[in-house]
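Asker: Here it is: the structure, laid out below.
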Amino acid sequence: YPLLSAAIVEQKIEDHVKHRPHDYTKVVDKVQLSDVMYELDEEIKALKGCELLEAMNSIVLPYGDDQLTWRLAIIDDFTLAYISNHVLADGITGKNLFQDLQIQFSKLYGSEIPSISPNSLLFNYSTDSTNLTHLPDPSDSVIDYAPPYSFIPECLFNRFIIGRFCPNSHASPGVSINYQTIHISASELSKIKQDLIEHEQDKKITLTPYIQAAWLNALYKTGVYNSKVTNFLLAVDARQYFPQENIDQYKYGLNTSATNKYFHNIKDFTWSWVGYLNDYIKWCVNTKRPLYLLGFLTLDKVVGNKNLDVEVRKTKHDKIRTNTLFSNLGVVESNRKEVVDIEDCIFTQHFNGSFYDFSINAITTRKGGLNFVISSTGNASFS
């Protein structure tokens, strides 16, 4: 998988230069163990709970200059962390990596491990390139992100409601981030899933709309926002839209999409609301709306002659920060036949105060149950 040995090449060109080329990705010449492993300070390893999450999320990885955009870090004898820059990886990438590591660690279990050092060579392009496939083609050359004209009025109206009536605030990169964790044990999760089965009737209900309904109900009950509506961005794995014969090439990388819509806060948590949100999410996915949203934002008529590498940097301080992002990675499919098992897992991210007040992240393991990490900006309007 060449993306695991890839780095970003920055264009060292002034931003005002017209027809400025984009940054691009290349496979580096060599990868040593020290390029992959991140040495955590002992003070960080000693932290627990939300303090550990805050410290881990504050780590800034080098960008460009032949530096990989991800690292592994050992917290203790039983805890391994994967840290990545979102530019070349999404949450599913991390889940896939842990699933693959479980298999590889199980193969090595009980065997003699050769001595290694920080300078040990893991990858050498000159000798290993024959076993390496090409970098995968850009996703927009494999699947079509371009929205139909009928999608554009819907998207513009939704953006108008979010911008005018949702409780937005100005982005402020660098503000403090607060963390809260919620753990639902495997037995408790099993009861929730049984409730879903009993109420789904002729439609399969997943956990995601159940969680979304509970969140919208919590916003109503707590009065966090002085508004009856809020926007809710749901991350969607775009790999489901790729041709199946190419799917393995995109196991790693940034292959996410999203829906983003305003919703009324829910006064009472009811199964009818769960069913409505379940139908809405499935309709969006089936009609490729998660792809169209990204496609609309990159249309030539929207972007014009602007260079997105430059525009994102220039506007991040002026951008409006909206309400909630929810990313559910689903179940870590650990192979129970392997000697090494993944007993528990936590997924967390934040956007440095630039995009959302709340970032809700969920991941499930069969033994450990469901873990939520909710991060919020320290200077949000409700803080």
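Following the order of the structure tokens, chains are lettered A, B, ..., residues in each are numbered from 1, and ligands are numbered from 1.
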So which residues touch A:Val332 within 7 Å, counting only C-alpha atoms, skipping near sequence neighbours fewer than 6 positions away, as a PDB file with all heavy atoms, in the first residue's frame?

Answerer:
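Everything below was put into result_5.pdb:
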ATOM      1  N   LYS A  95      -8.850   2.335  11.277  1.00  0.00           N
ATOM      2  CA  LYS A  95      -9.490   1.058  11.611  1.00  0.00           C
ATOM      3  C   LYS A  95      -8.905  -0.075  10.777  1.00  0.00           C
ATOM      4  O   LYS A  95      -8.591  -1.155  11.308  1.00  0.00           O
ATOM      5  CB  LYS A  95     -11.004   1.162  11.375  1.00  0.00           C
ATOM      6  CG  LYS A  95     -11.765  -0.077  11.832  1.00  0.00           C
ATOM      7  CD  LYS A  95     -13.268   0.112  11.755  1.00  0.00           C
ATOM      8  CE  LYS A  95     -13.799  -0.161  10.363  1.00  0.00           C
ATOM      9  NZ  LYS A  95     -15.278  -0.319  10.342  1.00  0.00           N
ATOM     10  N   THR A 364     -16.627   0.838  17.727  1.00  0.00           N
ATOM     11  CA  THR A 364     -17.094  -0.305  18.504  1.00  0.00           C
ATOM     12  C   THR A 364     -16.140  -1.485  18.351  1.00  0.00           C
ATOM     13  O   THR A 364     -15.611  -1.732  17.264  1.00  0.00           O
ATOM     14  CB  THR A 364     -18.497  -0.736  18.034  1.00  0.00           C
ATOM     15  OG1 THR A 364     -19.395   0.375  18.138  1.00  0.00           O
ATOM     16  CG2 THR A 364     -19.042  -1.893  18.858  1.00  0.00           C
ATOM     17  N   THR A 365     -15.913  -2.200  19.451  1.00  0.00           N
ATOM     18  CA  THR A 365     -15.239  -3.496  19.406  1.00  0.00           C
ATOM     19  C   THR A 365     -16.160  -4.522  20.056  1.00  0.00           C
ATOM     20  O   THR A 365     -16.975  -4.188  20.911  1.00  0.00           O
ATOM     21  CB  THR A 365     -13.892  -3.468  20.153  1.00  0.00           C
ATOM     22  OG1 THR A 365     -14.097  -2.932  21.465  1.00  0.00           O
ATOM     23  CG2 THR A 365     -12.863  -2.641  19.426  1.00  0.00           C
TER      24      THR A 365
END

Asker: Any idea what's packed within 6 Å of stretch 159-174 of chain A, counting only C-alpha atoms, ignoring anything in its chain fewer than 6 positions away? Could you give it as a list in words?

Answerer: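 The neighbour list is Val229, Thr230, His317, Lys319, Ile320, Arg321, Thr322, Asn352, Gly353 and Ser354 of chain A.
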
Asker: Write out as a ChimeraX atom specification each polymer residue whose atoms come within 8 Å of stretch 71-78 of chain A, counting only C-alpha atoms; drop sequence neighbours fewer than 6 positions from it.

Answerer: /A:35-40,45,84

Asker: Could you work out how far atom CA of A:Ser139 lies from atom CA of A:His19, giving the answer in Å with one decimal?

Answerer: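 That distance, rounded to one decimal, is 22.5 Å.
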
Asker: Write out as a ChimeraX atom specification all residues of stretch 78-181 of chain A that backbone DSSP assigns to strand (DSSP E).

Answerer: /A:79-84,121-124,169-170,177-181

Asker: When you look at A:Ile103 with a cut-off of 10 Å (counting only C-alpha atoms), what residues show up, excluding the ones that are within fewer than 5 positions of it in the same chain? I need them as a PyMOL selection string.

Answerer: chain A and resi 98+108+334-335+337-341

Asker: Can you work out the spacing between atom CA of A:Lys251 and atom CA of A:Cys345 in Å, to one decimal?

Answerer: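 Interatomic distance, atom CA of A:Lys251 to atom CA of A:Cys345: 18.9 Å.
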
Asker: What's the separation between atom CA of A:Ser375 and atom CA of A:Thr208, in Å to one decimal place?

Answerer: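 One can read the atom CA of A:Ser375 to atom CA of A:Thr208 distance as 18.0 Å.
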
Asker: Can you check which residues of stretch 79-291 of chain A DSSP gives as alpha helix (DSSP H) on the backbone and send them as a VMD selection string?

Answerer: chain A and resid 91 to 108 125 to 128 151 to 165 186 to 199 207 to 222 271 to 286 289 to 291

Asker: Identify, on the basis of only C-alpha atoms, every residue whose closest approach to A:Leu97 does not exceed 12 Å; exclude the query and any residue fewer than 5 positions from it along the same chain; express the result as an MDAnalysis selection string.

Answerer: chainID A and resid 1 3:4 70:72 80:84 89:92 102:105 251:253 332:334 342
